[in-house]
Protein chains: 2
Amino acid sequence: MTIENTTTGWGLIGASTIASEYMIDAIRAQAGHDVVAVMSSSLERGKAYAQKNDIEQAYDSVEDLLNDPKVQAVYISTTNELHHDQVLAAAAAGKHVLCEKPLALDIESAKRMVKACEDAGVVMATNHHLRNAATHRKIKELVDGGAIGKPLFARVFHAVYLPPHLQGWRLDKPQAGGGVILDITVHDVDVLRFIFGAEPVEAISMSQSASMAQEGLEDGAMSVLRFDNGVLAQLHDAFTVKHAGHGIEIHGESGSIIGRNVMSQQPVGEIYLRDENGEQLVDLEPEGLYVRGVASFCAALKGDGQPSCTAQDGIRSLATALAVVESCKTGAAVAVPGVGEE
Amino acid sequence: MTIENTTTGWGLIGASTIASEYMIDAIRAQAGHDVVAVMSSSLERGKAYAQKNDIEQAYDSVEDLLNDPKVQAVYISTTNELHHDQVLAAAAAGKHVLCEKPLALDIESAKRMVKACEDAGVVMATNHHLRNAATHRKIKELVDGGAIGKPLFARVFHAVYLPPHLQGWRLDKPQAGGGVILDITVHDVDVLRFIFGAEPVEAISMSQSASMAQEGLEDGAMSVLRFDNGVLAQLHDAFTVKHAGHGIEIHGESGSIIGRNVMSQQPVGEIYLRDENGEQLVDLEPEGLYVRGVASFCAALKGDGQPSCTAQDGIRSLATALAVVESCKTGAAVAVPGVGEE
């Protein structure tokens, strides 16, 4: 056995901000894993990105990256309309796939992606980060343990200001899956599914195009979801407000959980439990959200469990986000379709 | 001129909890005003209530109370289905009317009530208390003064626990206008209309019957309203949660206003302003909400301005609450009808 054989090489499909800010470090934090290649449609951009991030190879085509024998897994963070063909190509090449959310722009495409990976025998996961947070895992633990009695309501506050360096396709490219619902609401859905172990069955929403979004896209949305455990959840997602803060609340018959500053990519935030005994700050052991997500993916590559957010989870969050988008357009409650795969 | 002529006598139609907890004191706080009579359908209850609250006369019919020459104004806090006939009778008797919310169970009834008072030349007002709070008046002042830039979103948190002594018709009498939407959502609507000086044009909502409400009534609702100034507002109203707290938030392009513990009948709560300079607690001068509302009504009796919450305001909040109820039933966005009177 040679040293090389013990390293799982990752290729980045997309020379993205999220990869350089979080994912490269998260992959390199795993023993035996390294980022060895990056693909950008601009070779010049790819080379600069590779150099800056100490990545061996830059390619300007997915095909070339997938042909690199050092690449055994790919992390896909291109714009959303590209995910489908890239996942199918990766599966065909026998590479494991960690894909950004939303998986695709329609459910049928997402299902094809998941089936292609299943058929190829490669691991596929969705990169929803929030369910990896110590905060949200603690909330789930409290809810499951009966700390608030029967859960009745959830509130998700995820109205933020889209940083200037991200004010691109999210604001003006419907064909790339822009808009706040596919960008942020989809995360809210995933974390609520995780906390409750329940599925959204119905969505209503109103959207706003206040100042930033163009081409018919929304830069704000207020939505309500009904889950199959009876919980009603209200979501507020926006790109346009600078000082709203962010958080999540779960209200039950005998208590409430208040999460402040927890809808973050970083391991931050506080959880308070309120019940008949008053309000108490809950102890947490923060760890990197993406590090934990990648760790579960890497364990799955060795046959040890499932990724913390599976490919099926990605279909579910997409299906719900698409129901929210449709409700904004039609003004009607939209049933969230089952994914038909379980 | 005799001493008697300087006193405006009030009759209470309904020997209610809200009257004994707030309104009798609020009326007696006004110079030249006193509560001189009470009507309860049970004379025994009426007499006990009169004795306890130092009220001269108890009646068991509206007609008898309205025939009392010492009564020049009435405060109506019976169950909602009774308001219509009682207001019409009061107007016919030439009595001024302060009526609890919701004014009625349908818009046409509410319009008839308002028109009857107009035709009779008596003052009519709606007893929405929140717009009289120092907290909400400060929020309006901040929004109007541009403290948060263009307002984009509002969130109203009004999910509380219905106290045991009020767990009656609100939970099991649809014909009396029970349910959390006509009881609480209607207040949210009024305070948002007040803060923004804008009208709701469209409503969506999902309701819940978790544990307390029966007979098809809801004990929880999550709603979204679109206002004619572009603001989206989300509302969470419930009777079923004990530790959710209550509050209101207004989020604008350049700042946010956070109101904590402000959806109260009492002069309590804090307002925070968040902007590029950080978060600051805003100075307030609390005063009794109902005292201030009654003071504006009494001033209007002397020709000095309008009641803080007019009869028209009551039609508007009812129209919006009814749109919310309808959306819960139909699953569709419901346009809020104009009241057609301005």
# chains A, B, ... in the order shown; residues from 1 in each chain; ligands from 1
>>> select_by_dssp(residues="segment 229-334 of chain B", states="alpha helix (DSSP H)", output="number ranges by chain")
B: 289-301, 311-330
>>> select_by_dssp(residues="segment 104-289 of chain A", states="strand (DSSP E)", output="CSV table (one decimal) with N, CA and C atoms, in the first residue's frame")
chain,number,residue,atom,x,y,z
A,124,MET,N,-24.0,10.3,-2.5
A,124,MET,CA,-24.4,11.6,-2.8
A,124,MET,C,-25.0,12.3,-1.5
A,125,ALA,N,-24.6,13.5,-1.3
A,125,ALA,CA,-25.2,14.3,-0.2
A,125,ALA,C,-25.5,15.7,-0.6
A,126,THR,N,-26.3,16.4,0.2
A,126,THR,CA,-26.7,17.7,0.0
A,126,THR,C,-26.0,18.6,1.0
A,151,PRO,N,-44.8,20.2,20.4
A,151,PRO,CA,-44.4,21.4,19.6
A,151,PRO,C,-45.6,21.8,18.7
A,152,LEU,N,-45.9,23.1,18.8
A,152,LEU,CA,-47.0,23.6,18.0
A,152,LEU,C,-46.6,24.5,16.9
A,153,PHE,N,-45.6,25.3,17.2
A,153,PHE,CA,-45.3,26.4,16.2
A,153,PHE,C,-43.7,26.6,16.1
A,154,ALA,N,-43.3,27.0,14.9
A,154,ALA,CA,-41.9,27.4,14.7
A,154,ALA,C,-41.9,28.7,14.0
A,155,ARG,N,-40.9,29.5,14.3
A,155,ARG,CA,-40.6,30.8,13.6
A,155,ARG,C,-39.2,30.8,13.1
A,156,VAL,N,-39.0,31.1,11.9
A,156,VAL,CA,-37.6,31.1,11.4
A,156,VAL,C,-37.4,32.6,10.9
A,157,PHE,N,-36.4,33.2,11.4
A,157,PHE,CA,-36.0,34.6,11.0
A,157,PHE,C,-34.7,34.5,10.3
A,158,HIS,N,-34.8,34.7,9.0
A,158,HIS,CA,-33.6,34.5,8.1
A,158,HIS,C,-33.6,35.6,7.1
A,159,ALA,N,-33.9,36.8,7.6
A,159,ALA,CA,-33.9,38.0,6.7
A,159,ALA,C,-32.6,38.7,7.0
A,200,PRO,N,-43.0,18.8,5.6
A,200,PRO,CA,-43.9,19.9,5.2
A,200,PRO,C,-44.9,19.3,4.3
A,201,VAL,N,-46.2,19.6,4.5
A,201,VAL,CA,-47.2,19.1,3.6
A,201,VAL,C,-47.9,20.2,2.7
A,202,GLU,N,-47.8,21.4,3.2
A,202,GLU,CA,-48.5,22.5,2.5
A,202,GLU,C,-47.7,23.8,2.8
A,203,ALA,N,-47.7,24.7,1.7
A,203,ALA,CA,-47.0,25.9,1.8
A,203,ALA,C,-47.9,27.1,1.3
A,204,ILE,N,-47.8,28.2,2.0
A,204,ILE,CA,-48.3,29.5,1.4
A,204,ILE,C,-47.3,30.5,1.6
A,205,SER,N,-47.3,31.5,0.7
A,205,SER,CA,-46.2,32.5,0.8
A,205,SER,C,-46.6,33.8,0.1
A,206,MET,N,-46.0,34.9,0.5
A,206,MET,CA,-46.1,36.1,-0.3
A,206,MET,C,-44.6,36.6,-0.4
A,207,SER,N,-44.3,37.1,-1.6
A,207,SER,CA,-43.0,37.6,-1.9
A,207,SER,C,-42.9,39.1,-2.1
A,208,GLN,N,-41.7,39.6,-2.1
A,208,GLN,CA,-41.5,41.1,-2.3
A,208,GLN,C,-40.3,41.2,-3.2
A,220,GLY,N,-37.4,39.1,-1.0
A,220,GLY,CA,-38.0,38.9,0.3
A,220,GLY,C,-39.2,38.0,0.2
A,221,ALA,N,-39.4,37.1,1.3
A,221,ALA,CA,-40.6,36.3,1.2
A,221,ALA,C,-41.0,36.0,2.7
A,222,MET,N,-42.3,35.9,2.9
A,222,MET,CA,-42.9,35.5,4.2
A,222,MET,C,-43.8,34.3,3.9
A,223,SER,N,-43.5,33.2,4.5
A,223,SER,CA,-44.1,31.9,4.2
A,223,SER,C,-44.6,31.3,5.4
A,224,VAL,N,-45.6,30.4,5.2
A,224,VAL,CA,-46.1,29.5,6.3
A,224,VAL,C,-46.1,28.1,5.8
A,225,LEU,N,-45.6,27.2,6.6
A,225,LEU,CA,-45.6,25.8,6.2
A,225,LEU,C,-46.4,25.0,7.3
A,226,ARG,N,-47.2,24.0,6.8
A,226,ARG,CA,-47.8,23.1,7.7
A,226,ARG,C,-47.1,21.7,7.6
A,227,PHE,N,-46.6,21.2,8.8
A,227,PHE,CA,-45.9,19.9,8.8
A,227,PHE,C,-46.9,18.8,9.1
A,232,LEU,N,-47.2,24.4,12.7
A,232,LEU,CA,-47.2,25.5,11.7
A,232,LEU,C,-45.9,26.2,11.9
A,233,ALA,N,-45.3,26.5,10.8
A,233,ALA,CA,-44.0,27.3,10.8
A,233,ALA,C,-44.1,28.5,10.0
A,234,GLN,N,-43.6,29.6,10.5
A,234,GLN,CA,-43.6,30.8,9.7
A,234,GLN,C,-42.1,31.2,9.4
A,235,LEU,N,-41.8,31.6,8.2
A,235,LEU,CA,-40.5,31.8,7.7
A,235,LEU,C,-40.4,33.3,7.2
A,236,HIS,N,-39.4,34.0,7.5
A,236,HIS,CA,-39.1,35.3,6.9
A,236,HIS,C,-37.7,35.3,6.4
A,237,ASP,N,-37.6,35.3,5.0
A,237,ASP,CA,-36.4,35.3,4.3
A,237,ASP,C,-36.2,36.5,3.5
A,238,ALA,N,-35.0,37.1,3.5
A,238,ALA,CA,-34.8,38.3,2.7
A,238,ALA,C,-33.3,38.6,2.5
A,247,GLY,N,-32.6,34.1,13.6
A,247,GLY,CA,-32.8,33.1,14.7
A,247,GLY,C,-33.9,32.2,14.4
A,248,ILE,N,-34.2,31.3,15.3
A,248,ILE,CA,-35.3,30.4,15.2
A,248,ILE,C,-36.0,30.2,16.6
A,249,GLU,N,-37.3,30.0,16.6
A,249,GLU,CA,-38.0,29.7,17.8
A,249,GLU,C,-38.9,28.5,17.6
A,250,ILE,N,-39.0,27.7,18.6
A,250,ILE,CA,-39.9,26.6,18.6
A,250,ILE,C,-40.8,26.7,19.8
A,251,HIS,N,-42.1,26.8,19.6
A,251,HIS,CA,-43.0,27.0,20.7
A,251,HIS,C,-43.9,25.8,20.9
A,252,GLY,N,-43.9,25.2,22.1
A,252,GLY,CA,-44.7,24.1,22.5
A,252,GLY,C,-45.7,24.4,23.5
A,256,SER,N,-40.9,27.0,25.4
A,256,SER,CA,-40.4,27.6,24.2
A,256,SER,C,-38.9,27.5,24.1
A,257,ILE,N,-38.4,27.3,22.9
A,257,ILE,CA,-36.9,27.3,22.7
A,257,ILE,C,-36.7,28.5,21.8
A,258,ILE,N,-35.8,29.4,22.2
A,258,ILE,CA,-35.4,30.6,21.5
A,258,ILE,C,-34.0,30.5,21.1
A,259,GLY,N,-33.8,30.5,19.8
A,259,GLY,CA,-32.4,30.4,19.2
A,259,GLY,C,-32.1,31.8,18.6
A,260,ARG,N,-31.0,32.4,19.1
A,260,ARG,CA,-30.7,33.7,18.6
A,260,ARG,C,-29.3,33.6,17.9
A,270,GLU,N,-26.9,31.4,20.4
A,270,GLU,CA,-27.3,31.0,21.7
A,270,GLU,C,-28.7,30.4,21.7
A,271,ILE,N,-28.9,29.4,22.6
A,271,ILE,CA,-30.2,28.8,22.7
A,271,ILE,C,-30.7,29.0,24.2
A,272,TYR,N,-31.9,29.4,24.2
A,272,TYR,CA,-32.6,29.6,25.5
A,272,TYR,C,-33.8,28.7,25.6
A,273,LEU,N,-34.0,28.1,26.8
A,273,LEU,CA,-35.1,27.3,27.0
A,273,LEU,C,-36.0,28.1,28.1
A,274,ARG,N,-37.3,28.3,27.7
A,274,ARG,CA,-38.2,28.9,28.6
A,274,ARG,C,-39.3,28.0,29.0
A,275,ASP,N,-39.5,27.8,30.2
A,275,ASP,CA,-40.7,27.0,30.7
A,275,ASP,C,-41.1,27.5,32.0
A,278,GLY,N,-38.8,29.4,34.2
A,278,GLY,CA,-38.1,30.6,33.8
A,278,GLY,C,-37.3,30.4,32.5
A,279,GLU,N,-36.3,31.3,32.2
A,279,GLU,CA,-35.5,31.2,31.0
A,279,GLU,C,-34.1,30.8,31.4
A,280,GLN,N,-33.6,29.8,30.7
A,280,GLN,CA,-32.2,29.4,31.0
A,280,GLN,C,-31.4,29.3,29.7
A,281,LEU,N,-30.1,29.8,29.7
A,281,LEU,CA,-29.2,29.6,28.6
A,281,LEU,C,-28.8,28.2,28.6
>>> residues_around(residues="Lys173 of chain B", least_positions_apart="2", cutoff="10 Å", atoms="only C-alpha atoms", output="MDAnalysis selection string")
chainID B and resid 79 168:171 175:179 213:217
>>> interface_residues(of="chain B", to="chain A", cutoff="6 Å", atoms="only C-alpha atoms", output="list of chain:residue names")
B:Val241, B:His243, B:Ala244, B:Glu253, B:Gly255, B:Ser256, B:Gly331, B:Ala332, B:Ala333
>>> residues_around(residues="segment 312-317 of chain A", least_positions_apart="5", cutoff="12 Å", atoms="only C-alpha atoms", output="MDAnalysis selection string")
chainID A and resid 98:115 117:118 123:129 131 181:194 197:201 306:307 322:324 336:342
>>> atom_distance(atom1="atom CA of Thr6 of chain B", atom2="atom CA of Asp34 of chain B")
10.6 Å
>>> atom_distance(atom1="atom CA of Ala26 of chain A", atom2="atom CA of Val143 of chain A")
28.7 Å
>>> residues_around(residues="Glu285 of chain A", least_positions_apart="5", cutoff="10 Å", atoms="only C-alpha atoms", output="list in words")
Ala133, Ala134, Thr135, Lys138 and Pro267 of chain A
